[in-house]
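Structure file upload-v6.cif (mmCIF, C-alpha atoms) follows.
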```cif
data_structure
loop_
_atom_site.group_PDB
_atom_site.id
_atom_site.type_symbol
_atom_site.label_atom_id
_atom_site.label_comp_id
_atom_site.auth_asym_id
_atom_site.auth_seq_id
_atom_site.Cartn_x
_atom_site.Cartn_y
_atom_site.Cartn_z
ATOM 1 C CA MET A 26 -1.154 0.544 5.302
ATOM 2 C CA ALA A 27 -0.892 -1.036 1.869
ATOM 3 C CA PRO A 28 1.684 0.206 -0.624
ATOM 4 C CA MET A 29 -0.056 2.295 -3.264
ATOM 5 C CA ALA A 30 1.716 3.844 -6.248
ATOM 6 C CA GLY A 31 1.325 7.606 -6.325
ATOM 7 C CA VAL A 32 -0.205 7.638 -2.842
ATOM 8 C CA THR A 33 1.916 6.246 -0.009
ATOM 9 C CA ASP A 34 4.684 8.832 -0.007
ATOM 10 C CA LYS A 35 6.435 9.889 3.201
ATOM 11 C CA ILE A 36 3.765 12.482 4.105
ATOM 12 C CA PHE A 37 0.857 10.088 3.664
ATOM 13 C CA ARG A 38 2.693 7.384 5.620
ATOM 14 C CA LYS A 39 3.311 9.815 8.471
ATOM 15 C CA ILE A 40 -0.366 10.722 8.652
ATOM 16 C CA VAL A 41 -1.650 7.141 8.773
ATOM 17 C CA SER A 42 1.081 6.237 11.280
ATOM 18 C CA GLU A 43 -0.108 9.052 13.550
ATOM 19 C CA HIS A 44 -3.580 7.534 13.322
ATOM 20 C CA GLY A 45 -2.348 4.111 14.404
ATOM 21 C CA ALA A 46 -1.183 2.188 11.325
ATOM 22 C CA GLY A 47 1.147 -0.477 12.667
ATOM 23 C CA LEU A 48 3.279 -0.666 9.536
ATOM 24 C CA THR A 49 3.519 1.443 6.400
ATOM 25 C CA VAL A 50 4.985 0.491 3.037
ATOM 26 C CA SER A 51 6.626 2.601 0.344
ATOM 27 C CA GLU A 52 5.320 3.015 -3.138
ATOM 28 C CA MET A 53 6.683 0.299 -5.438
ATOM 29 C CA VAL A 54 10.387 0.721 -6.142
ATOM 30 C CA SER A 55 11.949 -0.767 -9.254
ATOM 31 C CA ALA A 56 14.962 -2.860 -8.264
ATOM 32 C CA LYS A 57 16.520 -1.962 -11.600
ATOM 33 C CA SER A 58 16.125 1.761 -10.852
ATOM 34 C CA ILE A 59 18.239 1.307 -7.728
ATOM 35 C CA VAL A 60 20.952 -0.639 -9.525
ATOM 36 C CA TYR A 61 21.156 1.881 -12.358
ATOM 37 C CA GLY A 62 21.046 4.934 -10.099
ATOM 38 C CA ASN A 63 17.729 6.431 -11.177
ATOM 39 C CA LYS A 64 17.335 9.588 -9.106
ATOM 40 C CA ASN A 65 13.537 9.273 -9.086
ATOM 41 C CA ALA A 66 13.931 6.270 -6.796
ATOM 42 C CA ASP A 67 15.380 8.505 -4.072
ATOM 43 C CA ARG A 68 12.010 10.181 -3.524
ATOM 44 C CA LEU A 69 10.355 6.815 -2.975
ATOM 45 C CA LEU A 70 12.900 5.995 -0.276
ATOM 46 C CA GLU A 71 12.312 9.140 1.778
ATOM 47 C CA ASN A 72 10.757 8.420 5.151
ATOM 48 C CA SER A 73 9.950 9.959 8.525
ATOM 49 C CA VAL A 74 8.214 7.164 10.466
ATOM 50 C CA LYS A 75 8.971 3.658 11.671
ATOM 51 C CA PRO A 76 8.434 0.812 11.324
ATOM 52 C CA TRP A 77 8.242 0.847 7.561
ATOM 53 C CA SER A 78 8.883 -1.436 4.625
ATOM 54 C CA VAL A 79 10.232 -0.847 1.135
ATOM 55 C CA GLN A 80 8.431 -2.718 -1.614
ATOM 56 C CA PHE A 81 10.439 -3.798 -4.647
ATOM 57 C CA PHE A 82 9.289 -5.087 -7.993
ATOM 58 C CA SER A 83 11.537 -7.125 -10.261
ATOM 59 C CA HIS A 84 11.691 -10.253 -12.384
ATOM 60 C CA GLU A 85 15.461 -10.646 -12.135
ATOM 61 C CA PRO A 86 16.839 -12.302 -8.967
ATOM 62 C CA GLU A 87 20.347 -10.937 -9.523
ATOM 63 C CA ILE A 88 19.093 -7.369 -9.957
ATOM 64 C CA LEU A 89 16.847 -7.628 -6.899
ATOM 65 C CA SER A 90 19.751 -8.972 -4.844
ATOM 66 C CA GLU A 91 22.042 -6.155 -5.945
ATOM 67 C CA ALA A 92 19.401 -3.490 -5.244
ATOM 68 C CA ILE A 93 18.929 -4.785 -1.714
ATOM 69 C CA LYS A 94 22.677 -4.798 -1.078
ATOM 70 C CA ARG A 95 22.976 -1.210 -2.299
ATOM 71 C CA LEU A 96 20.378 -0.111 0.239
ATOM 72 C CA ALA A 97 21.956 -2.001 3.131
ATOM 73 C CA ASP A 98 22.591 1.182 5.126
ATOM 74 C CA ARG A 99 19.058 2.593 4.747
ATOM 75 C CA ASP A 100 16.757 2.659 7.758
ATOM 76 C CA PHE A 101 13.788 0.576 6.607
ATOM 77 C CA ASP A 102 12.692 -2.436 8.654
ATOM 78 C CA PHE A 103 11.345 -4.889 6.076
ATOM 79 C CA ILE A 104 11.670 -5.686 2.399
ATOM 80 C CA ASP A 105 8.509 -6.589 0.515
ATOM 81 C CA ILE A 106 8.401 -8.137 -2.959
ATOM 82 C CA ASN A 107 5.442 -7.184 -5.119
ATOM 83 C CA MET A 108 3.866 -10.150 -6.851
ATOM 84 C CA GLY A 109 0.386 -8.686 -7.135
ATOM 85 C CA CYS A 110 0.441 -5.422 -9.102
ATOM 86 C CA PRO A 111 -2.068 -5.782 -11.973
ATOM 87 C CA MET A 112 -0.970 -2.804 -14.078
ATOM 88 C CA PRO A 113 -0.276 -3.744 -17.716
ATOM 89 C CA LYS A 114 3.148 -2.090 -17.930
ATOM 90 C CA ILE A 115 4.306 -4.075 -14.888
ATOM 91 C CA VAL A 116 2.735 -7.376 -15.922
ATOM 92 C CA LYS A 117 4.021 -7.089 -19.495
ATOM 93 C CA ASN A 118 7.548 -7.048 -18.109
ATOM 94 C CA GLY A 119 6.998 -10.276 -16.174
ATOM 95 C CA GLU A 120 6.743 -8.466 -12.844
ATOM 96 C CA GLY A 121 4.010 -7.880 -10.285
ATOM 97 C CA ALA A 122 1.036 -10.208 -10.754
ATOM 98 C CA ALA A 123 2.746 -11.883 -13.739
ATOM 99 C CA LEU A 124 4.819 -13.778 -11.174
ATOM 100 C CA MET A 125 1.649 -15.607 -10.111
ATOM 101 C CA LYS A 126 2.071 -17.448 -13.428
ATOM 102 C CA ASN A 127 5.702 -18.285 -12.725
ATOM 103 C CA PRO A 128 5.995 -19.783 -9.226
ATOM 104 C CA LEU A 129 9.522 -21.096 -9.819
ATOM 105 C CA LEU A 130 10.826 -17.625 -10.670
ATOM 106 C CA ALA A 131 8.888 -16.212 -7.720
ATOM 107 C CA GLY A 132 10.714 -18.606 -5.428
ATOM 108 C CA ARG A 133 14.083 -17.663 -6.894
ATOM 109 C CA LEU A 134 13.347 -13.969 -6.369
ATOM 110 C CA ILE A 135 12.442 -14.528 -2.723
ATOM 111 C CA GLU A 136 15.494 -16.687 -2.099
ATOM 112 C CA ALA A 137 17.763 -14.081 -3.679
ATOM 113 C CA ALA A 138 16.238 -11.335 -1.541
ATOM 114 C CA VAL A 139 16.558 -13.374 1.648
ATOM 115 C CA ARG A 140 20.226 -14.116 0.961
ATOM 116 C CA ALA A 141 20.969 -10.456 0.238
ATOM 117 C CA SER A 142 19.029 -8.932 3.117
ATOM 118 C CA SER A 143 19.704 -8.535 6.815
ATOM 119 C CA ARG A 144 16.052 -7.597 7.218
ATOM 120 C CA PRO A 145 12.957 -9.827 7.044
ATOM 121 C CA VAL A 146 11.664 -10.335 3.505
ATOM 122 C CA THR A 147 7.916 -10.447 2.894
ATOM 123 C CA VAL A 148 5.782 -11.064 -0.188
ATOM 124 C CA LYS A 149 2.512 -9.601 -1.486
ATOM 125 C CA ILE A 150 0.464 -11.762 -3.844
ATOM 126 C CA ARG A 151 -3.048 -12.011 -5.240
ATOM 127 C CA LYS A 152 -5.608 -14.798 -5.249
ATOM 128 C CA GLY A 153 -4.210 -15.727 -8.657
ATOM 129 C CA PHE A 154 -3.716 -14.385 -12.153
ATOM 130 C CA THR A 155 -7.156 -15.559 -13.294
ATOM 131 C CA ALA A 156 -9.991 -17.338 -11.520
ATOM 132 C CA ALA A 157 -9.191 -20.512 -13.453
ATOM 133 C CA THR A 158 -5.542 -20.426 -12.384
ATOM 134 C CA ALA A 159 -5.950 -19.172 -8.803
ATOM 135 C CA ASN A 160 -2.938 -20.479 -6.916
ATOM 136 C CA ALA A 161 -2.449 -18.321 -3.841
ATOM 137 C CA PRO A 162 -1.921 -21.283 -1.440
ATOM 138 C CA GLU A 163 0.777 -22.700 -3.728
ATOM 139 C CA MET A 164 2.473 -19.319 -4.003
ATOM 140 C CA ALA A 165 2.313 -18.837 -0.236
ATOM 141 C CA LYS A 166 3.941 -22.229 0.327
ATOM 142 C CA ILE A 167 6.728 -21.274 -2.074
ATOM 143 C CA ALA A 168 7.166 -17.977 -0.223
ATOM 144 C CA GLN A 169 7.399 -19.846 3.067
ATOM 145 C CA GLU A 170 9.881 -22.417 1.742
ATOM 146 C CA SER A 171 11.958 -19.642 0.182
ATOM 147 C CA GLY A 172 12.371 -17.831 3.484
ATOM 148 C CA ALA A 173 9.641 -15.187 3.513
ATOM 149 C CA ALA A 174 8.711 -13.891 6.966
ATOM 150 C CA TRP A 175 5.059 -13.460 6.028
ATOM 151 C CA VAL A 176 2.785 -13.226 3.016
ATOM 152 C CA THR A 177 0.087 -10.677 2.221
ATOM 153 C CA VAL A 178 -2.818 -11.804 0.053
ATOM 154 C CA HIS A 179 -5.131 -9.521 -1.916
ATOM 155 C CA GLY A 180 -8.321 -11.515 -2.432
ATOM 156 C CA ARG A 181 -8.714 -10.668 -6.123
ATOM 157 C CA THR A 182 -7.215 -12.123 -9.271
ATOM 158 C CA ARG A 183 -5.116 -10.011 -11.596
ATOM 159 C CA ASP A 184 -7.837 -9.876 -14.240
ATOM 160 C CA GLN A 185 -10.228 -8.392 -11.681
ATOM 161 C CA PHE A 186 -7.864 -5.484 -11.025
ATOM 162 C CA TYR A 187 -9.889 -3.769 -8.247
ATOM 163 C CA SER A 188 -13.390 -4.674 -9.425
ATOM 164 C CA GLY A 189 -15.853 -7.067 -7.861
ATOM 165 C CA GLU A 190 -15.432 -8.255 -4.302
ATOM 166 C CA ALA A 191 -12.331 -9.550 -2.563
ATOM 167 C CA ASP A 192 -12.492 -13.305 -1.915
ATOM 168 C CA TRP A 193 -11.700 -13.792 1.748
ATOM 169 C CA ASP A 194 -12.286 -17.537 1.463
ATOM 170 C CA ALA A 195 -9.186 -17.559 -0.735
ATOM 171 C CA ILE A 196 -7.285 -15.747 2.001
ATOM 172 C CA ALA A 197 -8.527 -18.259 4.558
ATOM 173 C CA ALA A 198 -7.235 -21.047 2.298
ATOM 174 C CA VAL A 199 -3.784 -19.464 2.331
ATOM 175 C CA LYS A 200 -3.892 -19.167 6.112
ATOM 176 C CA ALA A 201 -4.670 -22.894 6.331
ATOM 177 C CA ALA A 202 -1.842 -23.787 3.948
ATOM 178 C CA VAL A 203 1.169 -22.145 5.614
ATOM 179 C CA ARG A 204 2.828 -21.663 9.004
ATOM 180 C CA ILE A 205 4.074 -18.118 8.435
ATOM 181 C CA PRO A 206 1.771 -15.192 9.251
ATOM 182 C CA VAL A 207 -0.798 -14.243 6.637
ATOM 183 C CA ILE A 208 -1.997 -10.679 6.128
ATOM 184 C CA GLY A 209 -5.354 -10.234 4.410
ATOM 185 C CA ASN A 210 -6.083 -7.386 2.009
ATOM 186 C CA GLY A 211 -9.209 -6.309 0.170
ATOM 187 C CA ASP A 212 -12.386 -4.290 0.735
ATOM 188 C CA ILE A 213 -11.727 -3.062 4.263
ATOM 189 C CA PHE A 214 -13.611 0.216 4.447
ATOM 190 C CA GLU A 215 -15.046 0.115 7.978
ATOM 191 C CA PRO A 216 -13.584 -0.711 11.411
ATOM 192 C CA GLU A 217 -16.144 -3.461 11.922
ATOM 193 C CA THR A 218 -14.993 -5.149 8.718
ATOM 194 C CA ALA A 219 -11.349 -4.993 9.799
ATOM 195 C CA VAL A 220 -12.141 -6.598 13.154
ATOM 196 C CA GLU A 221 -14.217 -9.328 11.507
ATOM 197 C CA ARG A 222 -11.477 -10.104 8.980
ATOM 198 C CA LEU A 223 -8.937 -10.516 11.769
ATOM 199 C CA LYS A 224 -10.740 -13.757 12.603
ATOM 200 C CA ILE A 225 -9.472 -15.102 9.264
ATOM 201 C CA CYS A 226 -5.831 -14.015 9.242
ATOM 202 C CA ASP A 227 -3.057 -12.655 11.438
ATOM 203 C CA ALA A 228 -3.317 -9.024 10.360
ATOM 204 C CA VAL A 229 -5.164 -6.904 7.849
ATOM 205 C CA MET A 230 -3.752 -4.534 5.268
ATOM 206 C CA ILE A 231 -5.859 -1.485 4.485
ATOM 207 C CA ALA A 232 -5.655 0.187 1.091
ATOM 208 C CA ARG A 233 -8.399 2.253 -0.592
ATOM 209 C CA GLY A 234 -10.344 2.479 2.665
ATOM 210 C CA ALA A 235 -7.703 4.818 4.069
ATOM 211 C CA LEU A 236 -7.770 7.297 1.180
ATOM 212 C CA GLY A 237 -8.849 10.547 2.790
ATOM 213 C CA ASN A 238 -9.713 8.488 5.853
ATOM 214 C CA PRO A 239 -6.739 7.806 8.152
ATOM 215 C CA TRP A 240 -9.260 7.554 10.990
ATOM 216 C CA LEU A 241 -10.007 4.044 9.767
ATOM 217 C CA PHE A 242 -6.883 2.942 11.637
ATOM 218 C CA SER A 243 -7.553 4.755 14.904
ATOM 219 C CA ARG A 244 -11.220 3.765 14.945
ATOM 220 C CA THR A 245 -10.346 0.118 14.256
ATOM 221 C CA LEU A 246 -7.789 0.091 17.065
ATOM 222 C CA ALA A 247 -10.307 1.603 19.459
ATOM 223 C CA LEU A 248 -12.879 -1.002 18.485
ATOM 224 C CA LEU A 249 -10.351 -3.782 19.050
ATOM 225 C CA GLU A 250 -9.273 -2.414 22.421
ATOM 226 C CA THR A 251 -12.615 -1.332 23.874
ATOM 227 C CA GLY A 252 -15.297 -3.081 21.861
ATOM 228 C CA VAL A 253 -16.777 0.317 21.023
ATOM 229 C CA CYS A 254 -16.214 2.032 17.681
ATOM 230 C CA PRO A 255 -15.737 5.811 17.890
ATOM 231 C CA PRO A 256 -17.876 7.943 15.596
ATOM 232 C CA PRO A 257 -16.479 9.089 12.248
ATOM 233 C CA PRO A 258 -14.544 12.369 12.250
ATOM 234 C CA THR A 259 -16.489 15.602 12.082
ATOM 235 C CA PRO A 260 -16.223 17.822 8.996
ATOM 236 C CA ALA A 261 -14.008 20.188 10.999
ATOM 237 C CA GLU A 262 -11.649 17.338 11.949
ATOM 238 C CA ILE A 263 -11.482 16.202 8.337
ATOM 239 C CA ILE A 264 -10.634 19.669 7.050
ATOM 240 C CA GLU A 265 -8.030 20.151 9.798
ATOM 241 C CA THR A 266 -6.222 16.964 8.735
ATOM 242 C CA ALA A 267 -6.600 17.775 5.044
ATOM 243 C CA LEU A 268 -4.997 21.175 5.629
ATOM 244 C CA ALA A 269 -2.136 19.637 7.626
ATOM 245 C CA HIS A 270 -1.551 17.200 4.761
ATOM 246 C CA LEU A 271 -1.635 20.043 2.240
ATOM 247 C CA TYR A 272 0.829 22.210 4.185
ATOM 248 C CA ALA A 273 3.279 19.296 4.522
ATOM 249 C CA ALA A 274 3.094 18.274 0.861
ATOM 250 C CA GLU A 275 5.714 19.252 -1.671
ATOM 251 C CA ASN A 276 3.675 18.627 -4.823
ATOM 252 C CA VAL A 277 0.539 20.762 -5.017
ATOM 253 C CA ILE A 278 -0.855 19.036 -8.094
ATOM 254 C CA GLU A 279 -0.539 15.613 -6.427
ATOM 255 C CA MET A 280 -2.621 16.950 -3.537
ATOM 256 C CA ARG A 281 -5.674 17.342 -5.760
ATOM 257 C CA LYS A 282 -6.543 13.660 -5.468
ATOM 258 C CA HIS A 283 -5.893 13.572 -1.716
ATOM 259 C CA LEU A 284 -8.119 16.583 -1.064
ATOM 260 C CA SER A 285 -10.826 15.088 -3.257
ATOM 261 C CA TRP A 286 -10.703 11.955 -1.096
ATOM 262 C CA TYR A 287 -10.814 13.951 2.148
ATOM 263 C CA THR A 288 -13.803 16.007 1.051
ATOM 264 C CA LYS A 289 -15.876 13.162 -0.392
ATOM 265 C CA GLY A 290 -19.300 13.157 1.241
ATOM 266 C CA LEU A 291 -18.963 16.569 2.854
ATOM 267 C CA PRO A 292 -21.545 19.288 2.119
ATOM 268 C CA GLY A 293 -20.796 20.908 -1.212
ATOM 269 C CA SER A 294 -18.055 18.368 -1.914
ATOM 270 C CA ALA A 295 -18.768 18.086 -5.649
ATOM 271 C CA GLU A 296 -18.234 21.818 -6.175
ATOM 272 C CA ALA A 297 -15.248 21.781 -3.819
ATOM 273 C CA ARG A 298 -13.584 19.009 -5.830
ATOM 274 C CA ARG A 299 -14.144 20.965 -9.040
ATOM 275 C CA LYS A 300 -12.400 23.963 -7.527
ATOM 276 C CA ILE A 301 -9.617 21.836 -6.058
ATOM 277 C CA ASN A 302 -8.904 20.260 -9.437
ATOM 278 C CA ASN A 303 -8.514 23.745 -10.930
ATOM 279 C CA ALA A 304 -6.408 25.127 -8.073
ATOM 280 C CA GLN A 305 -2.734 25.805 -8.748
ATOM 281 C CA THR A 306 -1.497 26.853 -5.305
ATOM 282 C CA LYS A 307 -1.786 25.822 -1.675
ATOM 283 C CA ALA A 308 -3.459 29.133 -0.916
ATOM 284 C CA GLU A 309 -6.214 28.441 -3.452
ATOM 285 C CA MET A 310 -6.738 24.951 -2.074
ATOM 286 C CA THR A 311 -6.808 26.256 1.487
ATOM 287 C CA GLN A 312 -9.547 28.727 0.580
ATOM 288 C CA VAL A 313 -11.661 25.954 -0.935
ATOM 289 C CA LEU A 314 -11.273 23.777 2.159
ATOM 290 C CA ASN A 315 -12.091 26.613 4.535
ATOM 291 C CA GLU A 316 -15.245 27.380 2.560
ATOM 292 C CA ILE A 317 -16.578 23.906 3.361
ATOM 293 C CA ILE A 318 -16.705 24.630 7.082
#
```

Translate this structure into structure tokens?
Amino acid sequence: MAPMAGVTDKIFRKIVSEHGAGLTVSEMVSAKSIVYGNKNADRLLENSVKPWSVQFFSHEPEILSEAIKRLADRDFDFIDINMGCPMPKIVKNGEGAALMKNPLLAGRLIEAAVRASSRPVTVKIRKGFTAATANAPEMAKIAQESGAAWVTVHGRTRDQFYSGEADWDAIAAVKAAVRIPVIGNGDIFEPETAVERLKICDAVMIARGALGNPWLFSRTLALLETGVCPPPPTPAEIIETALAHLYAAENVIEMRKHLSWYTKGLPGSAEARRKINNAQTKAEMTQVLNEII
């Protein structure tokens, strides 16, 4: 399961893990927030499933190193460095996808993390910052030489954000360029697509396809193991999982988006989403969900 800001909290990670996700990743954690003791970072480090990875963003090798050392006694299994986030506030600070423009600094960040960590360090990149400067194979080679255990590639440039189509030829080029495992990411919405993409790389990372749809993992695994893809979940199964997610959640307002994703495509879903977005309590949301079935 891909790291997604505002989405992949401990409850969401538990749900996709129960449906077969082989690895989950935290929301992005600012290395500086760890070093300076920002209490908001504690929520991002809460967890109830394994294996899992914590994803850091930073543009300062010394700060990243110190953050990793301060979390030495935490129970996560991997450390991931974000070099692909396209959001302006991240890029403006020289972090996330901005590092695609600064391969030397990217290498220094990875080396610092590897020296500081007793856990494997991984890296998530994009195809490039722009189409004209696409450099994912070069970045992957730097990650490899700097000690990264694997590299994940989102097949879009930063200026695409999440528009257009992911370029899996670019991911294949990275796979051909390095010895370390390559994880492919981008536009995996169906089990058949996931299985087909596994011919290109060592693993696939699922992002938007799993929003309101943790069955994408279990159905993909079944297809891989048996050659037969199970049918999509029934409306009753969807509502059952949505309710379990709602009951486990701490933030009711944050659940509005999750319930909108779960109910997409169900009968009366447009009206249900309107009601969900006006609901203030779990009881109100539960009533809306029960009305669907």

Could you spell out the hits of the PyMOL selection byres ((chain A and resi 86) around 12) on the shown file, as a ChimeraX atom specification?
/A:56-57,81-85,87-93,106,120,129-141

Could the residues in this selection be saved with C-alpha atoms as a PDB file, in the frame of the given file?
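selection_2.pdb was written with the following content:
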```
ATOM      1  CA  ALA A  56      14.962  -2.860  -8.264  1.00  0.00           C
ATOM      2  CA  LYS A  57      16.520  -1.962 -11.600  1.00  0.00           C
ATOM      3  CA  PHE A  81      10.439  -3.798  -4.647  1.00  0.00           C
ATOM      4  CA  PHE A  82       9.289  -5.087  -7.993  1.00  0.00           C
ATOM      5  CA  SER A  83      11.537  -7.125 -10.261  1.00  0.00           C
ATOM      6  CA  HIS A  84      11.691 -10.253 -12.384  1.00  0.00           C
ATOM      7  CA  GLU A  85      15.461 -10.646 -12.135  1.00  0.00           C
ATOM      8  CA  GLU A  87      20.347 -10.937  -9.523  1.00  0.00           C
ATOM      9  CA  ILE A  88      19.093  -7.369  -9.957  1.00  0.00           C
ATOM     10  CA  LEU A  89      16.847  -7.628  -6.899  1.00  0.00           C
ATOM     11  CA  SER A  90      19.751  -8.972  -4.844  1.00  0.00           C
ATOM     12  CA  GLU A  91      22.042  -6.155  -5.945  1.00  0.00           C
ATOM     13  CA  ALA A  92      19.401  -3.490  -5.244  1.00  0.00           C
ATOM     14  CA  ILE A  93      18.929  -4.785  -1.714  1.00  0.00           C
ATOM     15  CA  ILE A 106       8.401  -8.137  -2.959  1.00  0.00           C
ATOM     16  CA  GLU A 120       6.743  -8.466 -12.844  1.00  0.00           C
ATOM     17  CA  LEU A 129       9.522 -21.096  -9.819  1.00  0.00           C
ATOM     18  CA  LEU A 130      10.826 -17.625 -10.670  1.00  0.00           C
ATOM     19  CA  ALA A 131       8.888 -16.212  -7.720  1.00  0.00           C
ATOM     20  CA  GLY A 132      10.714 -18.606  -5.428  1.00  0.00           C
ATOM     21  CA  ARG A 133      14.083 -17.663  -6.894  1.00  0.00           C
ATOM     22  CA  LEU A 134      13.347 -13.969  -6.369  1.00  0.00           C
ATOM     23  CA  ILE A 135      12.442 -14.528  -2.723  1.00  0.00           C
ATOM     24  CA  GLU A 136      15.494 -16.687  -2.099  1.00  0.00           C
ATOM     25  CA  ALA A 137      17.763 -14.081  -3.679  1.00  0.00           C
ATOM     26  CA  ALA A 138      16.238 -11.335  -1.541  1.00  0.00           C
ATOM     27  CA  VAL A 139      16.558 -13.374   1.648  1.00  0.00           C
ATOM     28  CA  ARG A 140      20.226 -14.116   0.961  1.00  0.00           C
ATOM     29  CA  ALA A 141      20.969 -10.456   0.238  1.00  0.00           C
TER      30      ALA A 141
END
```

Could you work out an axis-aligned bounding box for all listed atoms of region 266-277 of chain A, with 5 Å added on each of the six sides, and give its centre and edge lengths in Å to one decimal, as lines of an AutoDock Vina configuration file?
```
center_x = -0.4
center_y = 19.6
center_z = 1.9
size_x = 22.3
size_y = 15.2
size_z = 23.8
```

Judged by all atoms listed in the file, the minimum distance to Phe101 (chain A) among A:Pro145, A:Pro256, A:Gly180, A:Gly45 is found for A:Pro145

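Taking CA of Gln169 (chain A) and CA of Gly189 (chain A) as endpoints, the distance between them is 28.7 Å.
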
Expressed in Å, the length from CA of Arg233 (chain A) to CA of Ile213 (chain A) is 7.9 Å

Correct to one decimal, the distance CA of Lys300 (chain A)-CA of Val32 (chain A) is 20.9 Å

Among A:Val220, A:Cys226, A:Ala161, A:Ala232, Leu248 (chain A) is approached most closely, using all atoms listed in the file, by A:Val220

Exercise. List every protein, DNA or RNA residue with an atom no more than 8 Å from (1.5, -8.5, -12.3) in the file's coordinates, counting all atoms listed in the file, and format the result as an MDAnalysis selection string.
Key: chainID A and resid 108:113 115:117 119:125 154 183

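Closest to Ala261 (chain A) among A:Thr288, A:Arg181, A:Arg298, A:Asp105 is A:Thr288, based on all atoms listed in the file.
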